[in-house]
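The structure file start_13.cif is reproduced below (mmCIF, N, CA and C atoms).
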data_entry
#
loop_
_atom_site.label_atom_id
_atom_site.label_comp_id
_atom_site.auth_asym_id
_atom_site.auth_seq_id
_atom_site.Cartn_x
_atom_site.Cartn_y
_atom_site.Cartn_z
N MET A 1 10.40 18.21 -7.89
CA MET A 1 9.09 18.42 -8.41
C MET A 1 8.86 19.89 -8.75
N GLY A 2 9.49 20.80 -8.04
CA GLY A 2 9.34 22.22 -8.32
C GLY A 2 8.02 22.76 -7.81
N THR A 3 7.79 24.02 -8.10
CA THR A 3 6.55 24.63 -7.64
C THR A 3 5.42 24.23 -8.56
N VAL A 4 4.25 24.22 -8.01
CA VAL A 4 3.07 23.84 -8.77
C VAL A 4 2.23 25.08 -8.98
N GLU A 5 1.93 25.36 -10.23
CA GLU A 5 1.13 26.52 -10.56
C GLU A 5 -0.31 26.10 -10.77
N LEU A 6 -1.23 27.04 -10.49
CA LEU A 6 -2.64 26.76 -10.73
C LEU A 6 -3.03 27.28 -12.10
N ALA A 7 -3.84 26.52 -12.80
CA ALA A 7 -4.33 26.93 -14.12
C ALA A 7 -5.84 26.74 -14.15
N GLN A 8 -6.52 27.52 -14.94
CA GLN A 8 -7.97 27.38 -15.07
C GLN A 8 -8.26 26.16 -15.94
N THR A 9 -9.40 25.55 -15.73
CA THR A 9 -9.78 24.39 -16.53
C THR A 9 -10.05 24.81 -17.96
N ALA A 10 -10.02 23.86 -18.86
CA ALA A 10 -10.23 24.14 -20.27
C ALA A 10 -11.65 24.63 -20.52
N ALA A 11 -12.58 24.29 -19.64
CA ALA A 11 -13.96 24.73 -19.80
C ALA A 11 -14.09 26.24 -19.58
N GLY A 12 -13.07 26.85 -19.03
CA GLY A 12 -13.07 28.29 -18.81
C GLY A 12 -13.87 28.68 -17.58
N GLY A 13 -13.17 29.22 -16.59
CA GLY A 13 -13.83 29.71 -15.40
C GLY A 13 -14.22 28.62 -14.42
N GLY A 14 -13.83 27.38 -14.67
CA GLY A 14 -14.17 26.30 -13.75
C GLY A 14 -13.25 26.30 -12.55
N ALA A 15 -13.30 25.24 -11.80
CA ALA A 15 -12.45 25.11 -10.62
C ALA A 15 -10.99 25.05 -11.05
N PRO A 16 -10.08 25.62 -10.25
CA PRO A 16 -8.67 25.58 -10.61
C PRO A 16 -8.11 24.16 -10.60
N VAL A 17 -7.23 23.88 -11.54
CA VAL A 17 -6.60 22.57 -11.67
C VAL A 17 -5.09 22.79 -11.61
N ARG A 18 -4.39 21.90 -10.93
CA ARG A 18 -2.94 22.04 -10.82
C ARG A 18 -2.25 21.66 -12.11
N ALA A 19 -1.24 22.43 -12.48
CA ALA A 19 -0.38 22.03 -13.60
C ALA A 19 0.54 20.94 -13.05
N ARG A 20 0.60 19.81 -13.72
CA ARG A 20 1.30 18.64 -13.18
C ARG A 20 2.61 18.37 -13.89
N SER A 21 3.55 17.82 -13.13
CA SER A 21 4.81 17.37 -13.72
C SER A 21 4.54 16.11 -14.53
N ARG A 22 5.49 15.73 -15.35
CA ARG A 22 5.34 14.52 -16.17
C ARG A 22 5.21 13.28 -15.28
N ALA A 23 6.03 13.21 -14.21
CA ALA A 23 5.97 12.07 -13.29
C ALA A 23 4.59 11.97 -12.64
N ASP A 24 4.05 13.11 -12.26
CA ASP A 24 2.73 13.15 -11.65
C ASP A 24 1.67 12.64 -12.62
N ARG A 25 1.72 13.08 -13.86
CA ARG A 25 0.75 12.65 -14.86
C ARG A 25 0.85 11.15 -15.11
N VAL A 26 2.08 10.63 -15.20
CA VAL A 26 2.28 9.19 -15.43
C VAL A 26 1.75 8.38 -14.26
N ALA A 27 2.07 8.80 -13.03
CA ALA A 27 1.60 8.08 -11.84
C ALA A 27 0.08 8.11 -11.75
N ARG A 28 -0.52 9.26 -12.01
CA ARG A 28 -1.97 9.39 -11.94
C ARG A 28 -2.64 8.50 -13.00
N ARG A 29 -2.05 8.43 -14.18
CA ARG A 29 -2.62 7.58 -15.24
C ARG A 29 -2.48 6.10 -14.86
N ALA A 30 -1.32 5.70 -14.33
CA ALA A 30 -1.09 4.30 -13.96
C ALA A 30 -2.02 3.87 -12.82
N LEU A 31 -2.30 4.79 -11.91
CA LEU A 31 -3.17 4.49 -10.78
C LEU A 31 -4.65 4.73 -11.09
N ARG A 32 -4.92 5.20 -12.32
CA ARG A 32 -6.29 5.49 -12.75
C ARG A 32 -6.97 6.48 -11.80
N VAL A 33 -6.26 7.57 -11.53
CA VAL A 33 -6.72 8.58 -10.59
C VAL A 33 -7.40 9.72 -11.34
N PRO A 34 -8.64 10.06 -10.96
CA PRO A 34 -9.31 11.21 -11.57
C PRO A 34 -8.74 12.51 -11.02
N GLU A 35 -9.18 13.62 -11.54
CA GLU A 35 -8.74 14.90 -11.01
C GLU A 35 -9.14 15.02 -9.55
N PRO A 36 -8.38 15.77 -8.75
CA PRO A 36 -8.59 15.79 -7.29
C PRO A 36 -9.95 16.34 -6.87
N ARG A 37 -10.38 15.80 -5.74
CA ARG A 37 -11.57 16.30 -5.05
C ARG A 37 -11.22 16.36 -3.57
N ASP A 38 -12.16 16.57 -2.71
CA ASP A 38 -11.88 16.66 -1.28
C ASP A 38 -11.30 15.34 -0.78
N GLY A 39 -10.16 15.37 -0.08
CA GLY A 39 -9.46 14.15 0.31
C GLY A 39 -9.49 13.85 1.77
N ALA A 40 -10.66 13.75 2.38
CA ALA A 40 -10.76 13.48 3.81
C ALA A 40 -10.43 12.04 4.16
N GLU A 41 -10.47 11.12 3.17
CA GLU A 41 -10.27 9.70 3.46
C GLU A 41 -8.80 9.29 3.45
N VAL A 42 -7.89 10.18 3.10
CA VAL A 42 -6.49 9.80 2.96
C VAL A 42 -5.93 9.26 4.26
N HIS A 43 -6.17 9.91 5.37
CA HIS A 43 -5.62 9.47 6.65
C HIS A 43 -6.13 8.09 7.03
N ASN A 44 -7.41 7.82 6.83
CA ASN A 44 -7.99 6.53 7.20
C ASN A 44 -7.40 5.38 6.37
N ILE A 45 -7.29 5.56 5.06
CA ILE A 45 -6.75 4.48 4.23
C ILE A 45 -5.27 4.28 4.50
N PHE A 46 -4.55 5.37 4.81
CA PHE A 46 -3.13 5.27 5.16
C PHE A 46 -2.99 4.42 6.42
N SER A 47 -3.78 4.72 7.44
CA SER A 47 -3.71 3.98 8.70
C SER A 47 -4.07 2.52 8.50
N SER A 48 -5.09 2.25 7.71
CA SER A 48 -5.53 0.86 7.49
C SER A 48 -4.47 0.04 6.79
N SER A 49 -3.86 0.59 5.74
CA SER A 49 -2.90 -0.20 4.98
C SER A 49 -1.60 -0.40 5.76
N ILE A 50 -1.16 0.62 6.50
CA ILE A 50 0.03 0.45 7.33
C ILE A 50 -0.23 -0.57 8.43
N LEU A 51 -1.42 -0.53 9.02
CA LEU A 51 -1.78 -1.50 10.06
C LEU A 51 -1.77 -2.92 9.51
N LEU A 52 -2.31 -3.11 8.32
CA LEU A 52 -2.34 -4.43 7.72
C LEU A 52 -0.92 -4.93 7.40
N SER A 53 -0.07 -4.06 6.87
CA SER A 53 1.31 -4.45 6.60
C SER A 53 2.06 -4.75 7.90
N ALA A 54 1.79 -3.97 8.94
CA ALA A 54 2.43 -4.22 10.24
C ALA A 54 1.96 -5.55 10.82
N THR A 55 0.68 -5.87 10.65
CA THR A 55 0.15 -7.15 11.12
C THR A 55 0.85 -8.30 10.41
N ARG A 56 1.07 -8.15 9.11
CA ARG A 56 1.76 -9.18 8.33
C ARG A 56 3.17 -9.41 8.86
N CYS A 57 3.87 -8.32 9.13
CA CYS A 57 5.24 -8.43 9.64
C CYS A 57 5.25 -9.02 11.05
N LEU A 58 4.31 -8.61 11.88
CA LEU A 58 4.22 -9.14 13.25
C LEU A 58 3.96 -10.65 13.22
N LEU A 59 3.07 -11.08 12.33
CA LEU A 59 2.81 -12.51 12.20
C LEU A 59 4.06 -13.25 11.72
N SER A 60 4.74 -12.68 10.73
CA SER A 60 5.90 -13.35 10.13
C SER A 60 7.10 -13.44 11.06
N TYR A 61 7.31 -12.41 11.88
CA TYR A 61 8.55 -12.36 12.68
C TYR A 61 8.37 -12.64 14.16
N VAL A 62 7.13 -12.58 14.67
CA VAL A 62 6.92 -12.82 16.09
C VAL A 62 6.04 -14.04 16.32
N VAL A 63 4.83 -14.01 15.78
CA VAL A 63 3.88 -15.07 16.07
C VAL A 63 4.33 -16.41 15.49
N PHE A 64 4.65 -16.43 14.19
CA PHE A 64 5.02 -17.71 13.56
C PHE A 64 6.31 -18.30 14.13
N PRO A 65 7.41 -17.56 14.19
CA PRO A 65 8.64 -18.21 14.65
C PRO A 65 8.73 -18.41 16.16
N ILE A 66 8.06 -17.60 16.97
CA ILE A 66 8.24 -17.69 18.42
C ILE A 66 7.05 -18.33 19.12
N LEU A 67 5.86 -17.78 18.91
CA LEU A 67 4.69 -18.25 19.65
C LEU A 67 4.04 -19.49 19.05
N LEU A 68 4.02 -19.60 17.74
CA LEU A 68 3.33 -20.72 17.10
C LEU A 68 3.95 -22.07 17.44
N PRO A 69 5.27 -22.21 17.49
CA PRO A 69 5.83 -23.52 17.87
C PRO A 69 5.41 -23.96 19.27
N VAL A 70 5.24 -22.99 20.16
CA VAL A 70 4.81 -23.32 21.53
C VAL A 70 3.34 -23.74 21.54
N LEU A 71 2.54 -23.04 20.74
CA LEU A 71 1.10 -23.28 20.76
C LEU A 71 0.64 -24.38 19.82
N ALA A 72 1.43 -24.70 18.81
CA ALA A 72 1.02 -25.70 17.82
C ALA A 72 1.05 -27.10 18.43
N PRO A 73 0.02 -27.90 18.18
CA PRO A 73 0.00 -29.26 18.72
C PRO A 73 1.03 -30.17 18.06
N SER A 74 1.40 -29.85 16.83
CA SER A 74 2.36 -30.69 16.13
C SER A 74 3.31 -29.81 15.34
N VAL A 75 4.59 -30.11 15.43
CA VAL A 75 5.59 -29.34 14.68
C VAL A 75 5.41 -29.55 13.18
N GLN A 76 4.83 -30.65 12.78
CA GLN A 76 4.60 -30.92 11.36
C GLN A 76 3.58 -29.97 10.74
N ALA A 77 2.72 -29.38 11.54
CA ALA A 77 1.68 -28.47 11.03
C ALA A 77 2.23 -27.08 10.72
N LEU A 78 3.39 -26.73 11.26
CA LEU A 78 3.92 -25.38 11.10
C LEU A 78 4.15 -24.95 9.65
N PRO A 79 4.73 -25.78 8.79
CA PRO A 79 4.93 -25.34 7.41
C PRO A 79 3.63 -25.05 6.66
N VAL A 80 2.54 -25.63 7.09
CA VAL A 80 1.26 -25.42 6.43
C VAL A 80 0.55 -24.18 7.00
N ILE A 81 0.64 -23.97 8.31
CA ILE A 81 -0.06 -22.88 8.97
C ILE A 81 0.49 -21.52 8.54
N GLY A 82 1.80 -21.38 8.52
CA GLY A 82 2.42 -20.09 8.17
C GLY A 82 1.99 -19.56 6.81
N PRO A 83 2.21 -20.31 5.73
CA PRO A 83 1.78 -19.83 4.41
C PRO A 83 0.26 -19.68 4.28
N ALA A 84 -0.50 -20.54 4.94
CA ALA A 84 -1.96 -20.46 4.85
C ALA A 84 -2.48 -19.14 5.40
N ILE A 85 -1.80 -18.60 6.37
CA ILE A 85 -2.20 -17.30 6.94
C ILE A 85 -1.44 -16.17 6.24
N GLY A 86 -0.16 -16.37 5.99
CA GLY A 86 0.69 -15.32 5.45
C GLY A 86 0.36 -14.87 4.04
N ILE A 87 0.00 -15.81 3.17
CA ILE A 87 -0.28 -15.45 1.77
C ILE A 87 -1.52 -14.56 1.65
N PRO A 88 -2.67 -14.92 2.25
CA PRO A 88 -3.82 -14.02 2.12
C PRO A 88 -3.62 -12.67 2.82
N VAL A 89 -2.97 -12.68 3.98
CA VAL A 89 -2.73 -11.41 4.68
C VAL A 89 -1.79 -10.53 3.87
N GLY A 90 -0.75 -11.13 3.29
CA GLY A 90 0.18 -10.37 2.45
C GLY A 90 -0.49 -9.82 1.20
N ALA A 91 -1.32 -10.63 0.57
CA ALA A 91 -2.04 -10.16 -0.62
C ALA A 91 -2.98 -9.01 -0.28
N ALA A 92 -3.67 -9.13 0.83
CA ALA A 92 -4.57 -8.04 1.26
C ALA A 92 -3.77 -6.78 1.58
N ALA A 93 -2.61 -6.94 2.22
CA ALA A 93 -1.77 -5.78 2.53
C ALA A 93 -1.33 -5.07 1.26
N LEU A 94 -0.97 -5.82 0.23
CA LEU A 94 -0.55 -5.22 -1.04
C LEU A 94 -1.70 -4.45 -1.69
N VAL A 95 -2.90 -5.02 -1.65
CA VAL A 95 -4.06 -4.33 -2.22
C VAL A 95 -4.33 -3.03 -1.48
N PHE A 96 -4.28 -3.07 -0.15
CA PHE A 96 -4.52 -1.87 0.64
C PHE A 96 -3.42 -0.83 0.43
N ASP A 97 -2.20 -1.28 0.21
CA ASP A 97 -1.11 -0.34 -0.05
C ASP A 97 -1.33 0.41 -1.37
N VAL A 98 -1.75 -0.31 -2.41
CA VAL A 98 -2.03 0.35 -3.69
C VAL A 98 -3.21 1.31 -3.54
N LYS A 99 -4.24 0.88 -2.80
CA LYS A 99 -5.38 1.77 -2.57
C LYS A 99 -4.95 3.04 -1.83
N ALA A 100 -4.03 2.90 -0.89
CA ALA A 100 -3.56 4.07 -0.13
C ALA A 100 -2.80 5.03 -1.03
N ILE A 101 -1.94 4.50 -1.90
CA ILE A 101 -1.21 5.35 -2.85
C ILE A 101 -2.21 6.09 -3.72
N ARG A 102 -3.19 5.36 -4.20
CA ARG A 102 -4.24 5.97 -5.03
C ARG A 102 -4.94 7.10 -4.29
N ARG A 103 -5.26 6.89 -3.03
CA ARG A 103 -5.95 7.91 -2.23
C ARG A 103 -5.10 9.17 -2.09
N PHE A 104 -3.80 8.99 -1.89
CA PHE A 104 -2.92 10.16 -1.80
C PHE A 104 -2.95 10.96 -3.09
N PHE A 105 -2.98 10.28 -4.22
CA PHE A 105 -3.02 10.98 -5.51
C PHE A 105 -4.41 11.58 -5.77
N ILE A 106 -5.46 10.88 -5.38
CA ILE A 106 -6.82 11.42 -5.54
C ILE A 106 -6.96 12.72 -4.75
N ALA A 107 -6.45 12.73 -3.53
CA ALA A 107 -6.54 13.92 -2.68
C ALA A 107 -5.54 14.99 -3.10
N ASP A 108 -4.64 14.64 -4.01
CA ASP A 108 -3.59 15.56 -4.44
C ASP A 108 -2.79 16.04 -3.24
N HIS A 109 -2.53 15.12 -2.34
CA HIS A 109 -1.82 15.42 -1.10
C HIS A 109 -0.40 15.87 -1.38
N ARG A 110 0.08 16.82 -0.65
CA ARG A 110 1.42 17.35 -0.93
C ARG A 110 2.53 16.34 -0.62
N TRP A 111 2.26 15.35 0.21
CA TRP A 111 3.26 14.32 0.55
C TRP A 111 3.06 13.04 -0.25
N ARG A 112 2.35 13.11 -1.37
CA ARG A 112 2.03 11.88 -2.12
C ARG A 112 3.26 11.14 -2.60
N TRP A 113 4.33 11.84 -2.96
CA TRP A 113 5.53 11.15 -3.46
C TRP A 113 6.31 10.52 -2.31
N VAL A 114 6.33 11.16 -1.16
CA VAL A 114 6.98 10.56 0.02
C VAL A 114 6.22 9.32 0.44
N ALA A 115 4.88 9.43 0.48
CA ALA A 115 4.05 8.28 0.84
C ALA A 115 4.22 7.15 -0.18
N THR A 116 4.32 7.50 -1.46
CA THR A 116 4.52 6.49 -2.49
C THR A 116 5.83 5.74 -2.27
N ALA A 117 6.90 6.47 -1.96
CA ALA A 117 8.20 5.83 -1.70
C ALA A 117 8.11 4.90 -0.50
N LEU A 118 7.44 5.35 0.55
CA LEU A 118 7.26 4.51 1.74
C LEU A 118 6.48 3.25 1.40
N TYR A 119 5.37 3.42 0.68
CA TYR A 119 4.54 2.27 0.33
C TYR A 119 5.25 1.30 -0.61
N VAL A 120 5.99 1.81 -1.57
CA VAL A 120 6.72 0.92 -2.48
C VAL A 120 7.75 0.10 -1.71
N THR A 121 8.40 0.71 -0.74
CA THR A 121 9.36 -0.02 0.10
C THR A 121 8.64 -1.11 0.89
N ILE A 122 7.52 -0.75 1.52
CA ILE A 122 6.75 -1.73 2.29
C ILE A 122 6.24 -2.84 1.37
N MET A 123 5.77 -2.47 0.18
CA MET A 123 5.26 -3.46 -0.76
C MET A 123 6.35 -4.43 -1.22
N ALA A 124 7.57 -3.93 -1.38
CA ALA A 124 8.68 -4.81 -1.76
C ALA A 124 8.95 -5.83 -0.66
N MET A 125 8.94 -5.37 0.59
CA MET A 125 9.19 -6.29 1.71
C MET A 125 8.06 -7.32 1.85
N VAL A 126 6.81 -6.87 1.75
CA VAL A 126 5.67 -7.78 1.87
C VAL A 126 5.66 -8.76 0.70
N SER A 127 5.98 -8.29 -0.49
CA SER A 127 6.04 -9.18 -1.67
C SER A 127 7.08 -10.27 -1.47
N TYR A 128 8.23 -9.88 -0.93
CA TYR A 128 9.28 -10.86 -0.63
C TYR A 128 8.76 -11.94 0.33
N LEU A 129 8.04 -11.51 1.38
CA LEU A 129 7.51 -12.46 2.34
C LEU A 129 6.44 -13.36 1.71
N VAL A 130 5.63 -12.81 0.83
CA VAL A 130 4.60 -13.62 0.15
C VAL A 130 5.27 -14.66 -0.75
N VAL A 131 6.31 -14.25 -1.46
CA VAL A 131 7.03 -15.21 -2.32
C VAL A 131 7.64 -16.32 -1.47
N LEU A 132 8.23 -15.97 -0.33
CA LEU A 132 8.77 -17.00 0.58
C LEU A 132 7.68 -17.95 1.03
N ASP A 133 6.50 -17.42 1.37
CA ASP A 133 5.40 -18.27 1.78
C ASP A 133 4.93 -19.20 0.67
N VAL A 134 4.89 -18.67 -0.56
CA VAL A 134 4.49 -19.50 -1.70
C VAL A 134 5.50 -20.63 -1.91
N VAL A 135 6.78 -20.30 -1.83
CA VAL A 135 7.83 -21.32 -2.01
C VAL A 135 7.72 -22.38 -0.91
N ARG A 136 7.47 -21.95 0.33
CA ARG A 136 7.32 -22.89 1.45
C ARG A 136 6.08 -23.78 1.29
N ALA A 137 5.03 -23.22 0.69
CA ALA A 137 3.79 -23.96 0.54
C ALA A 137 3.91 -25.05 -0.54
N LEU A 138 4.84 -24.85 -1.47
CA LEU A 138 4.98 -25.83 -2.55
C LEU A 138 5.71 -27.04 -2.10
#
Go through the file and emit its structure as structure tokens.
Amino acid sequence: MGTVELAQTAAGGGAPVRARSRADRVARRALRVPEPRDGAEVHNIFSSSILLSATRCLLSYVVFPILLPVLAPSVQALPVIGPAIGIPVGAAALVFDVKAIRRFFIADHRWRWVATALYVTIMAMVSYLVVLDVVRAL
């Protein structure tokens, strides 16, 4: 990414604006991110989206395969229960992940590209699980 230089706004004498790399400009446009402002909400949205993705994984790998068979009254209900819970939780996790990436870019956080890589990896895994749930539901 290189060093980031500060430049004055086109209005002349306004607040300083960062000169952006091409990748930064493309990502900001794709995420519909306005120019940066105070980013106090970045930590909260990061925590929320990671928590939601972790909940999805915990449900998929611990609750459904281990605890649910013990607690379910009928083994026949298991194929319906898993996708019924997994699909909405996975979809919500994906939405929160995109919102978190957006927040990192809105705040112009210095770790926005590292966070983006982490979130894209998590989103790929959650998407895979959602697709599995959809296939199982059919």
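Note that the spacing between CA of Gly82 in chain A and atom C of Val70 in chain A amounts to 13.9 Å.
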Can you tell me, as a list in words, what residues are no more than 12 Å from Ser47 in chain A when counting only C-alpha atoms, ignoring any on the same chain fewer than 5 positions away?
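Listing them by chain and then by number gives Glu41, Val42, Leu52, Ser53, Ala54, Ala93, Phe96, Asp97, Lys99, Ala100, Ile101, Arg103, Ala115 and Tyr119 of chain A.
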Have a look at A:Ala92, A:Ala124, A:Val98, A:Ala84 and name the one nearest to Ala137 in chain A; count only C-alpha atoms.
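Distance minimum relative to Ala137 in chain A lands on A:Ala84.
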Just to confirm, what's the straight-line distance from CA of Val26 in chain A to atom C of Phe104 in chain A in Å (one decimal)?
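Separation between CA of Val26 in chain A and atom C of Phe104 in chain A: 13.5 Å.
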Identify, on the basis of only C-alpha atoms, every residue whose closest approach to Gly86 in chain A does not exceed 10 Å; exclude the query and any residue fewer than 5 positions from it along the same chain; express the result as a PyMOL selection string.
chain A and resi 55-57+59-60+64+81+91-92+126+129-130+132-134
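The space separating CA of Arg29 in chain A from CA of Gly90 in chain A comes to 25.4 Å.
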Given 5 Å on each side, where is the centre and what are the edge lengths in Å to one decimal of the axis-aligned box enclosing the listed atoms of range 79-84 of chain A, as AutoDock Vina command-line options?
--center_x 1.2 --center_y -22.5 --center_z 6.6 --size_x 17.4 --size_y 16.6 --size_z 14.7
Which one is closest to Val33 in chain A: A:Arg20, A:Arg136, A:His109, A:Arg102? Count only C-alpha atoms.
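Selected residue with least distance to Val33 in chain A: A:Arg102.
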